[in-house]
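Undergrad: Next up, work33.txt (compact mmCIF, C-alpha atoms).
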# COMPACT_ATOMS: atom_id res chain seq x y z
CA MET A 29 4.63 6.05 14.89
CA ALA A 30 3.38 7.86 11.85
CA ASN A 31 3.10 11.21 13.56
CA ASP A 32 4.76 12.30 10.37
CA ARG A 33 2.09 10.93 8.08
CA GLU A 34 2.74 13.71 5.59
CA VAL A 35 6.24 12.37 5.13
CA LEU A 36 4.82 8.93 4.30
CA ARG A 37 2.47 10.53 1.79
CA GLU A 38 5.22 12.58 0.14
CA ILE A 39 7.40 9.50 -0.24
CA TRP A 40 4.47 7.50 -1.62
CA ASP A 41 3.64 10.20 -4.16
CA GLY A 42 7.19 10.40 -5.50
CA LYS A 43 7.15 9.84 -9.27
CA LEU A 44 9.65 9.67 -12.11
CA PRO A 45 9.09 10.63 -15.74
CA ILE A 46 10.47 7.93 -17.99
CA CYS A 47 11.13 7.91 -21.71
CA PHE A 48 11.24 4.37 -23.10
CA GLN A 49 12.82 3.71 -26.46
CA LEU A 50 12.95 0.44 -28.35
CA ALA A 51 16.48 -0.84 -28.94
CA GLN A 52 17.45 -0.02 -32.53
CA GLU A 53 18.32 -3.61 -33.47
CA GLU A 54 14.84 -4.80 -32.41
CA ILE A 55 12.97 -2.56 -34.85
CA MET A 56 11.59 -4.58 -37.77
CA GLU A 57 9.34 -1.93 -39.33
CA ILE A 58 10.33 0.81 -41.73
CA GLN A 59 8.52 3.31 -39.58
CA GLN A 60 10.38 4.14 -36.38
CA PRO A 61 8.31 3.72 -33.21
CA ASP A 62 7.62 6.83 -31.14
CA ALA A 63 9.25 6.96 -27.75
CA PHE A 64 6.86 6.05 -24.93
CA TYR A 65 6.61 8.57 -22.09
CA VAL A 66 5.09 7.73 -18.73
CA MET A 67 5.12 8.90 -15.10
CA VAL A 68 5.74 5.99 -12.74
CA PRO A 69 5.69 5.74 -8.93
CA ARG A 70 9.18 5.63 -7.48
CA LEU A 71 8.06 2.95 -5.00
CA SER A 72 6.80 0.54 -7.67
CA TYR A 73 8.54 -2.12 -9.75
CA PHE A 74 8.99 -2.02 -13.52
CA PRO A 75 6.90 -5.14 -14.31
CA LEU A 76 3.93 -3.45 -12.59
CA VAL A 77 3.99 -0.33 -14.76
CA THR A 78 5.16 -1.41 -18.21
CA ASP A 79 2.16 -3.32 -19.70
CA LYS A 80 1.07 -0.42 -21.89
CA MET A 81 4.59 0.39 -22.97
CA LYS A 82 5.14 -3.23 -23.96
CA ARG A 83 1.99 -3.26 -26.11
CA HIS A 84 3.13 -0.05 -27.78
CA PHE A 85 6.43 -1.56 -28.93
CA LEU A 86 5.27 -5.11 -29.69
CA ARG A 87 4.06 -4.23 -33.17
CA TYR A 88 7.48 -2.98 -34.19
CA ILE A 89 9.47 -6.08 -33.32
CA SER A 90 9.92 -9.38 -35.09
CA GLN A 91 6.92 -11.67 -34.58
CA GLU A 92 9.08 -14.49 -33.34
CA ASN A 93 10.24 -12.40 -30.38
CA SER A 94 6.81 -11.22 -29.29
CA ASP A 95 6.57 -13.89 -26.57
CA SER A 96 10.07 -13.46 -25.24
CA GLU A 97 10.77 -11.72 -21.97
CA MET A 98 11.14 -7.96 -22.10
CA TRP A 99 13.98 -6.27 -20.25
CA LEU A 100 15.30 -2.75 -19.79
CA ASP A 101 18.63 -1.07 -19.70
CA TYR A 102 19.97 2.34 -18.79
CA ASN A 103 23.14 3.28 -20.60
CA GLY A 104 23.95 -0.36 -21.31
CA GLN A 105 23.31 -1.37 -17.70
CA PRO A 106 20.49 -3.97 -17.42
CA LEU A 107 17.93 -2.92 -14.78
CA LYS A 108 16.95 -5.44 -12.12
CA TRP A 109 13.16 -5.57 -12.01
CA HIS A 110 13.17 -6.74 -8.38
CA TYR A 111 14.62 -3.43 -7.17
CA PRO A 112 12.21 -0.51 -6.67
CA ILE A 113 12.23 1.94 -9.60
CA GLY A 114 13.17 4.97 -7.49
CA PHE A 115 16.11 3.14 -6.02
CA LEU A 116 17.38 2.17 -9.50
CA TYR A 117 17.21 5.81 -10.55
CA ASP A 118 19.09 6.94 -7.44
CA LEU A 119 21.72 4.28 -8.05
CA TYR A 120 22.43 5.16 -11.68
CA CYS A 121 21.44 8.83 -11.89
CA GLY A 122 21.72 10.02 -8.28
CA ASN A 123 24.86 12.04 -8.90
CA ASP A 124 23.81 13.24 -12.33
CA PRO A 125 20.03 13.70 -12.49
CA GLN A 126 18.42 13.11 -15.87
CA LEU A 127 14.74 13.83 -16.45
CA PRO A 128 12.99 12.22 -18.13
CA TRP A 129 14.95 9.07 -17.47
CA HIS A 130 15.89 7.51 -20.83
CA LEU A 131 15.62 3.73 -20.85
CA THR A 132 16.04 1.22 -23.66
CA VAL A 133 13.61 -1.66 -24.18
CA HIS A 134 14.77 -5.11 -25.33
CA PHE A 135 13.03 -8.33 -26.34
CA THR A 136 16.11 -10.38 -27.26
CA LYS A 137 19.51 -11.22 -25.76
CA PHE A 138 18.19 -11.51 -22.21
CA PRO A 139 21.21 -11.02 -19.90
CA GLU A 140 20.89 -14.32 -18.00
CA ASP A 141 23.90 -13.69 -15.80
CA VAL A 142 22.64 -10.30 -14.57
CA LEU A 143 18.85 -10.40 -14.38
CA LEU A 144 16.39 -12.75 -12.72
CA HIS A 145 13.53 -13.96 -14.86
CA CYS A 146 10.13 -12.42 -14.36
CA THR A 147 7.50 -14.26 -16.37
CA ASN A 148 4.50 -12.60 -14.72
CA LYS A 149 3.39 -10.39 -11.82
CA ASP A 150 3.09 -13.36 -9.45
CA VAL A 151 6.89 -13.54 -9.47
CA VAL A 152 7.05 -9.90 -8.39
CA GLU A 153 4.49 -10.56 -5.66
CA ALA A 154 6.44 -13.57 -4.33
CA HIS A 155 9.64 -11.52 -4.26
CA PHE A 156 7.90 -8.59 -2.56
CA MET A 157 6.18 -10.68 0.14
CA SER A 158 9.37 -12.57 0.87
CA THR A 159 11.26 -9.32 1.35
CA VAL A 160 8.58 -7.97 3.69
CA LYS A 161 8.89 -11.20 5.71
CA GLU A 162 12.65 -10.85 5.85
CA ALA A 163 12.27 -7.29 7.13
CA ASP A 164 9.81 -8.46 9.78
CA VAL A 165 12.25 -11.13 10.97
CA LEU A 166 14.77 -8.34 11.52
CA LYS A 167 12.28 -6.00 13.21
CA HIS A 168 10.00 -8.29 15.24
CA ARG A 169 11.42 -11.81 14.83
CA GLY A 170 8.82 -12.31 12.12
CA GLN A 171 5.91 -12.18 14.56
CA VAL A 172 3.82 -9.55 12.81
CA MET A 173 3.80 -11.21 9.39
CA SER A 174 3.13 -14.66 10.85
CA THR A 175 0.12 -13.46 12.85
CA MET A 176 -1.40 -11.58 9.91
CA GLN A 177 -4.03 -13.24 7.78
CA LYS A 178 -3.67 -14.05 4.12
CA LYS A 179 -6.05 -11.23 3.26
CA ASP A 180 -3.78 -8.76 5.06
CA HIS A 181 -0.83 -9.94 3.00
CA ASN A 182 -2.95 -9.54 -0.13
CA GLN A 183 -3.95 -6.04 0.90
CA LEU A 184 -0.31 -5.00 1.26
CA TRP A 185 0.46 -6.26 -2.22
CA LEU A 186 -2.67 -4.85 -3.84
CA GLY A 187 -2.10 -1.50 -2.15
CA LEU A 188 1.31 -1.30 -3.76
CA GLN A 189 0.25 -2.74 -7.11
CA ASN A 190 -2.72 -0.38 -7.44
CA ASP A 191 -0.92 2.62 -5.93
CA LYS A 192 -3.43 2.90 -3.04
CA PHE A 193 -1.80 4.63 -0.10
CA ASP A 194 -4.60 4.10 2.45
CA GLN A 195 -5.07 0.45 1.53
CA PHE A 196 -1.36 -0.22 1.89
CA TRP A 197 -0.77 1.73 5.08
CA ALA A 198 -3.82 0.29 6.88
CA ILE A 199 -1.79 -2.93 7.04
CA ASN A 200 1.77 -1.63 6.85
CA ARG A 201 1.37 0.44 10.03
CA ARG A 202 1.30 -2.82 11.99
CA LEU A 203 4.71 -3.68 10.56
CA MET A 204 6.01 -0.29 11.69
CA GLU A 205 5.03 -0.67 15.37
CA SER A 206 7.54 -1.32 18.11
CA HIS A 207 6.96 -4.35 20.30
CA GLY A 208 7.39 -5.05 23.99
CA ASP A 209 8.67 -2.37 26.31
CA SER A 210 11.42 -1.44 23.92
CA GLU A 211 10.90 1.60 21.80
CA GLY A 212 12.05 0.71 18.35
CA PHE A 213 12.74 -2.35 16.25
CA LYS A 214 15.07 -5.17 17.15
CA HIS A 215 17.09 -4.41 14.05
CA ILE A 216 16.75 -1.98 11.16
CA PRO A 217 16.11 -3.61 7.75
CA ILE A 218 18.62 -1.81 5.56
CA LYS A 219 20.35 -2.53 2.27
CA LEU A 220 23.36 -0.40 1.37
CA TYR A 221 24.55 -0.28 -2.23
CA SER A 222 27.88 0.85 -3.59
CA ASP A 223 27.84 2.60 -6.97
CA ASP A 224 28.45 -0.65 -8.89
CA GLY A 225 25.16 -1.93 -7.43
CA THR A 226 26.73 -4.39 -4.98
CA CYS A 227 24.39 -4.80 -2.02
CA SER A 228 25.63 -5.04 1.51
CA GLN A 229 23.35 -6.01 4.37
CA ARG A 230 24.45 -5.66 7.98
CA LEU A 231 22.81 -6.21 11.32
CA VAL A 232 22.06 -2.69 12.54
CA SER A 233 20.45 -1.86 15.88
CA PRO A 234 18.35 1.32 16.21
CA LYS A 235 20.04 1.97 19.56
CA ASN A 236 23.53 2.59 20.82
CA ASN A 237 24.95 0.51 23.65
CA ASP A 238 23.92 3.16 26.18
CA GLY A 239 20.30 2.93 24.99
CA SER A 240 20.25 6.25 23.14
CA ARG A 241 18.83 6.49 19.64
CA LYS A 242 21.39 5.67 16.97
CA THR A 243 21.76 8.23 14.22
CA LEU A 244 22.76 7.69 10.61
CA GLN A 245 26.14 9.22 11.40
CA GLN A 246 26.74 6.71 14.19
CA MET A 247 25.82 3.82 11.90
CA ILE A 248 28.18 5.14 9.20
CA ALA A 249 31.01 5.37 11.74
CA GLU A 250 30.39 1.74 12.72
CA LEU A 251 30.11 0.32 9.20
CA TYR A 252 32.74 2.45 7.46
CA PRO A 253 35.36 3.19 10.11
CA ASP A 254 38.03 3.92 7.49
CA LYS A 255 36.03 6.15 5.20
CA LEU A 256 35.64 9.87 5.60
CA ASP A 257 32.59 11.81 4.57
CA VAL A 258 30.26 8.95 3.63
CA GLN A 259 26.83 10.09 2.46
CA LEU A 260 23.66 8.14 1.86
CA ARG A 261 20.93 8.84 -0.66
CA THR A 262 17.40 7.45 -0.86
CA HIS A 263 14.21 8.69 -2.56
CA GLY A 264 16.37 11.27 -4.32
CA ILE A 265 17.37 12.83 -1.01
CA VAL A 266 20.78 12.98 0.65
CA ILE A 267 19.79 12.08 4.20
CA PRO A 268 20.97 14.43 6.99
CA THR A 269 23.36 12.36 9.07
CA ASP A 270 21.82 13.33 12.40
CA THR A 271 18.59 11.51 11.48
CA PRO A 272 17.73 8.70 13.94
CA LEU A 273 17.69 5.27 12.28
CA GLN A 274 14.40 4.25 13.88
CA TRP A 275 12.64 7.27 12.37
CA LEU A 276 14.27 6.61 9.00
CA SER A 277 13.09 3.02 9.02
CA GLU A 278 9.51 3.97 9.92
CA HIS A 279 9.22 6.72 7.35
CA LEU A 280 11.64 6.25 4.47
CA SER A 281 11.53 2.48 3.99
CA TYR A 282 10.32 1.23 0.63
CA PRO A 283 7.06 -0.79 0.66
CA ASP A 284 9.16 -3.96 1.06
CA ASN A 285 9.98 -2.52 4.52
CA PHE A 286 13.68 -2.11 3.74
CA LEU A 287 15.68 1.08 3.56
CA HIS A 288 17.46 0.98 0.19
CA MET A 289 20.33 3.44 0.35
CA CYS A 290 23.04 4.40 -2.11
CA VAL A 291 26.43 5.00 -0.50
CA PHE A 292 28.61 7.64 -2.07
CA MET B 28 20.07 -39.15 14.80
CA GLY B 29 23.52 -40.44 15.77
CA ASP B 30 24.25 -41.27 12.16
CA ASP B 31 23.30 -37.79 11.07
CA LYS B 32 25.73 -36.28 13.46
CA GLN B 33 28.67 -38.08 11.98
CA THR B 34 28.03 -36.76 8.51
CA ASP B 35 27.39 -33.31 9.93
CA ASP B 36 30.81 -33.17 11.45
CA VAL B 37 32.56 -33.90 8.21
CA GLN B 38 32.87 -30.51 6.66
CA SER B 39 33.41 -30.10 2.99
CA ASP B 40 34.35 -27.39 0.66
CA LEU B 41 31.36 -26.64 -1.50
CA SER B 42 33.29 -25.20 -4.41
CA GLN B 43 35.42 -28.33 -4.70
CA ALA B 44 32.40 -30.56 -4.45
CA THR B 45 30.64 -28.67 -7.20
CA GLU B 46 33.64 -28.95 -9.45
CA SER B 47 33.37 -32.70 -9.20
CA LEU B 48 29.69 -32.30 -10.03
CA LYS B 49 30.71 -30.26 -13.04
CA ILE B 50 28.79 -27.15 -12.11
CA GLU B 51 30.34 -24.07 -13.53
CA SER B 52 32.83 -23.19 -10.86
CA GLU B 53 34.56 -19.98 -9.88
CA GLN B 54 37.11 -18.79 -12.39
CA LYS B 55 40.42 -20.40 -11.76
CA ASP B 56 42.94 -17.65 -11.59
CA GLY B 57 46.41 -18.33 -12.86
CA ASP B 58 48.27 -17.99 -9.58
CA SER B 59 48.47 -20.79 -7.08
CA SER B 60 46.32 -19.13 -4.42
CA LYS B 61 43.48 -21.47 -5.44
CA GLY B 62 40.99 -19.28 -3.65
CA ASP B 63 42.39 -20.16 -0.24
CA ASN B 64 42.45 -16.50 0.68
CA LYS B 65 38.71 -16.23 0.14
CA VAL B 66 36.43 -15.93 3.13
CA LYS B 67 34.32 -19.05 3.56
CA ILE B 68 31.05 -19.30 5.40
CA ASP B 69 29.67 -22.47 6.95
CA ILE B 70 26.20 -23.34 5.80
CA LEU B 71 23.94 -26.11 7.04
CA LEU B 72 21.46 -27.50 4.51
CA LYS B 73 18.34 -29.05 6.03
CA ALA B 74 15.65 -30.87 4.12
CA THR B 75 12.03 -30.09 4.80
CA GLY B 76 8.74 -31.40 3.49
CA ASN B 77 9.15 -33.98 0.75
CA ALA B 78 12.74 -33.08 -0.13
CA PRO B 79 15.38 -35.82 0.02
CA ILE B 80 17.97 -35.49 2.75
CA MET B 81 21.52 -34.62 1.76
CA LYS B 82 24.08 -37.06 3.09
CA LYS B 83 26.48 -34.23 3.75
CA LYS B 84 24.72 -31.27 5.29
CA LYS B 85 27.48 -28.91 6.34
CA TRP B 86 29.47 -27.07 3.70
CA ALA B 87 31.92 -24.22 3.54
CA VAL B 88 31.02 -21.78 0.81
CA ASP B 89 32.65 -18.68 -0.63
CA ALA B 90 31.09 -15.66 1.12
CA GLU B 91 30.64 -13.81 -2.17
CA LYS B 92 28.52 -16.52 -3.81
CA PRO B 93 24.86 -15.76 -4.53
CA ILE B 94 22.06 -17.93 -3.15
CA GLY B 95 21.12 -18.98 -6.69
CA TRP B 96 24.47 -20.71 -6.94
CA ILE B 97 23.70 -22.77 -3.81
CA MET B 98 20.29 -23.64 -5.22
CA GLU B 99 21.91 -24.97 -8.38
CA PHE B 100 24.37 -26.95 -6.29
CA VAL B 101 21.64 -28.59 -4.19
CA LYS B 102 19.66 -29.42 -7.33
CA LYS B 103 22.68 -31.15 -8.86
CA TYR B 104 23.55 -32.89 -5.61
CA LEU B 105 20.01 -34.27 -5.28
CA LYS B 106 19.99 -35.06 -9.00
CA LEU B 107 16.72 -33.21 -9.56
CA GLU B 108 15.25 -33.01 -13.03
CA PRO B 109 15.79 -29.64 -14.75
CA ASN B 110 12.08 -28.87 -14.52
CA GLU B 111 11.87 -29.70 -10.79
CA LYS B 112 11.76 -26.74 -8.47
CA LEU B 113 13.78 -26.12 -5.37
CA PHE B 114 13.01 -23.56 -2.69
CA LEU B 115 15.49 -22.28 -0.10
CA TYR B 116 14.43 -20.63 3.13
CA VAL B 117 16.15 -18.64 5.84
CA ASN B 118 14.85 -18.89 9.43
CA GLN B 119 12.09 -21.12 8.06
CA THR B 120 10.42 -17.86 7.11
CA PHE B 121 11.44 -16.21 3.87
CA ALA B 122 12.93 -17.19 0.52
CA PRO B 123 15.99 -15.05 -0.23
CA SER B 124 16.42 -13.64 -3.72
CA PRO B 125 18.69 -15.80 -5.91
CA ASP B 126 21.07 -12.85 -6.32
CA GLN B 127 21.40 -12.28 -2.57
CA LEU B 128 24.94 -12.93 -1.37
CA VAL B 129 25.65 -15.61 1.22
CA LYS B 130 27.66 -13.16 3.33
CA ASN B 131 24.71 -10.77 3.65
CA LEU B 132 22.44 -13.54 4.94
CA TYR B 133 25.12 -14.85 7.28
CA GLU B 134 25.70 -11.34 8.63
CA CYS B 135 22.01 -10.87 9.47
CA PHE B 136 20.72 -14.38 10.12
CA GLY B 137 23.73 -16.53 10.96
CA THR B 138 23.63 -18.37 14.31
CA ASP B 139 26.41 -20.21 16.15
CA GLY B 140 28.89 -19.47 13.39
CA LYS B 141 26.81 -20.85 10.55
CA LEU B 142 23.92 -20.07 8.26
CA VAL B 143 21.06 -22.59 8.33
CA LEU B 144 19.17 -22.97 5.06
CA HIS B 145 16.09 -25.15 4.68
CA TYR B 146 15.29 -26.53 1.26
CA CYS B 147 12.22 -28.17 -0.16
CA LYS B 148 10.68 -29.06 -3.49
CA SER B 149 7.44 -27.19 -2.96
CA GLN B 150 6.73 -23.85 -1.37
CA ALA B 151 6.97 -24.37 2.39
CA TRP B 152 6.66 -20.98 4.01
CA GLY B 153 4.55 -18.79 1.75
Do you think you could lay out the structure here as structure tokens?

TA:
Amino acid sequence: MANDREVLREIWDGKLPICFQLAQEEIMEIQQPDAFYVMVPRLSYFPLVTDKMKRHFLRYISQENSDSEMWLDYNGQPLKWHYPIGFLYDLYCGNDPQLPWHLTVHFTKFPEDVLLHCTNKDVVEAHFMSTVKEADVLKHRGQVMSTMQKKDHNQLWLGLQNDKFDQFWAINRRLMESHGDSEGFKHIPIKLYSDDGTCSQRLVSPKNNDGSRKTLQQMIAELYPDKLDVQLRTHGIVIPTDTPLQWLSEHLSYPDNFLHMCVF
Amino acid sequence: MGDDKQTDDVQSDLSQATESLKIESEQKDGDSSKGDNKVKIDILLKATGNAPIMKKKKWAVDAEKPIGWIMEFVKKYLKLEPNEKLFLYVNQTFAPSPDQLVKNLYECFGTDGKLVLHYCKSQAWG
């Protein structure tokens, strides 16, 4: 794989400009806080890139809330920290691009029924590693992750956390190899989201019954037999429907080894 | 093992069981359908490590329920303290996100018509 290393690099380098603003009801100072602008990697997670922003706003909120858990919303929609940032943008702004992306920062009224708690970065790491393991179960019956050493797992996580492409891919390439005599994965790790954010996961083979490579179009026909003209977006791109699934999985998966695609 | 088998065969409806345990249950809609039209998925709950065994292991659960809901159910069933942790694993490999839906896991990892979930009180598989 990875003959198309430039594609991997382009995806890795994808960034989003974000404008954070403190929710009006949180502001306890007479002086209004400036908005906080930052460029963040599309492949990352919000808790990994918001330390500085949090410090910026802390001095404007009530002291009693300074230890409470921060959360974000876009247009009143709480953002799930355990989804990659780029995917969240595609989900909520894919049809109507907005740059910079305007997000609101909260320290109170945590939406318990919508968001999972994230007390520190270890929680993000546990979620990330678990998702990589799930993907490996689908691709290789979990054999690659279980034969890796702890330091390899750490390197995957640190590569993502520190935005180090080479560090990450030195390990991730092993997760992208095909095993046995078969060319391709056993199944394609893929999560498909409707526009309300509902996630659907199906068992998808990279091959058709006759052994030929399955394309996105063929998968769409299988999963949505009643719908006409289904399109899928990821990394800000509407994916051409003749793209083979195996290639998509090797090149356009998020670091958690899943394809996260918005259906529209 | 023979004893286990007996309890395994008795299948129960998880949502009814949780109601008796006074967990917040699915909204009761006014009509008399009582959720019978909902798709149910069979799950098998297996203890691992130091976790106590559940007398009843096989349950039918609403396909749209999130994993976090099952975790809460098991915690209540085992009468764990609020500060005690519970971990759920699929394929004895990975811990699904609490907001993952049961139907998605069944679709990808179900075997022989059911989804097997291992639970324990400490982290078992990384």

Undergrad: Taking all atoms listed in the file into account, which residues of chain A are within 6 Å of chain B, as number ranges by chain?

TA: A: 158, 161-162, 229-231

Undergrad: Residues around (9.8, 1.8, -6.8), cut-off 6 Å, counting all atoms listed in the file - what are they as a list of chain:residue names?

TA: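 Counting all atoms listed in the file, I find these residues within 6 Å of (9.8, 1.8, -6.8): A:Arg70, A:Leu71, A:Ser72, A:Tyr73, A:Pro112, A:Ile113, A:Gly114.
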
Undergrad: Please return as a list in words every residue within 12 Å of (20.0, -23.3, -9.7), taking into account all atoms listed in the file and the file's own coordinates.

TA: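 Residues with an atom at most 12 Å from (20.0, -23.3, -9.7): Leu144 of chain A; Ile50, Glu51, Pro93, Ile94, Gly95, Trp96, Ile97, Met98, Glu99, Phe100, Val101, Lys102, Lys103, Tyr104, Leu105, Lys106, Leu107, Glu108, Pro109, Asn110, Glu111, Lys112, Leu113, Phe114, Leu115, Ser124, Pro125 and Asp126 of chain B.
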
Undergrad: Which residues, written as an mmCIF file with C-alpha atoms, in the coordinates of the input, have at least one atom at most 10 Å from A:Ile199, with all atoms listed in the file counted and residues fewer than 6 positions away on the same chain left out?

TA:
data_model
loop_
_atom_site.group_PDB
_atom_site.id
_atom_site.type_symbol
_atom_site.label_atom_id
_atom_site.label_comp_id
_atom_site.auth_asym_id
_atom_site.auth_seq_id
_atom_site.Cartn_x
_atom_site.Cartn_y
_atom_site.Cartn_z
ATOM 1 C CA MET A 176 -1.400 -11.580 9.910
ATOM 2 C CA ASP A 180 -3.780 -8.760 5.060
ATOM 3 C CA HIS A 181 -0.830 -9.940 3.000
ATOM 4 C CA ASN A 182 -2.950 -9.540 -0.130
ATOM 5 C CA GLN A 183 -3.950 -6.040 0.900
ATOM 6 C CA LEU A 184 -0.310 -5.000 1.260
ATOM 7 C CA GLY A 187 -2.100 -1.500 -2.150
#

Undergrad: In Å, with one decimal, what is the gap from atom CA of B:Thr138 to atom CA of A:Ser277?

TA: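 So the two atoms, atom CA of B:Thr138 and atom CA of A:Ser277, lie 24.4 Å apart.
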
Undergrad: So, with all atoms listed in the file as the atoms that count, which of A:Gln52, A:Gln171, A:Thr159, A:Ser233 lies closest to A:Asp284?

TA: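 Under the stated criterion, the closest residue is A:Thr159.
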
Undergrad: Give me the residues within 7 Å of stretch 66-70 of chain B as a ChimeraX atom specification, counting all atoms listed in the file and dropping any in the same chain fewer than 5 places off.

TA: /B:85-90,141-143

Undergrad: With distances taken over all atoms listed in the file, which residue among A:Gln274, A:Gln245, A:Thr269, A:Gln49 lies nearest A:Asp101?

TA: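 Using all atoms listed in the file, A:Asp101 sits closest to A:Gln49.
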
Undergrad: Find the distance between atom CA of A:Met67 and atom CA of A:Lys43 and write it in Å to one decimal.

TA: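 These atoms are spaced 6.2 Å apart.
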
Undergrad: Measure the distance from atom CA of B:Gly137 to atom CA of B:Leu71 in Å and round it to one decimal.

TA: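 Going from atom CA of B:Gly137 over to atom CA of B:Leu71, I get 10.4 Å.
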
Undergrad: Compile the contact shell of A:Tyr102 as a PDB file with C-alpha atoms, in the coordinates of the input: residues with an atom at most 7 Å away, counting all atoms listed in the file, same-chain residues fewer than 3 positions apart removed.

TA:
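For reference, out-v4.pdb as written:
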ATOM      1  CA  GLN A 105      23.310  -1.370 -17.700  1.00  0.00           C
ATOM      2  CA  PRO A 106      20.490  -3.970 -17.420  1.00  0.00           C
ATOM      3  CA  LEU A 107      17.930  -2.920 -14.780  1.00  0.00           C
ATOM      4  CA  HIS A 130      15.890   7.510 -20.830  1.00  0.00           C
ATOM      5  CA  LEU A 131      15.620   3.730 -20.850  1.00  0.00           C
ATOM      6  CA  THR A 132      16.040   1.220 -23.660  1.00  0.00           C
TER       7      THR A 132
END

Undergrad: Could you give me, as JSON, numbers by chain, the residues within 9 Å of A:Val172, counting only C-alpha atoms and dropping anything in the same chain fewer than 6 positions from it?

TA: {"A": [161, 164, 165, 202, 203]}
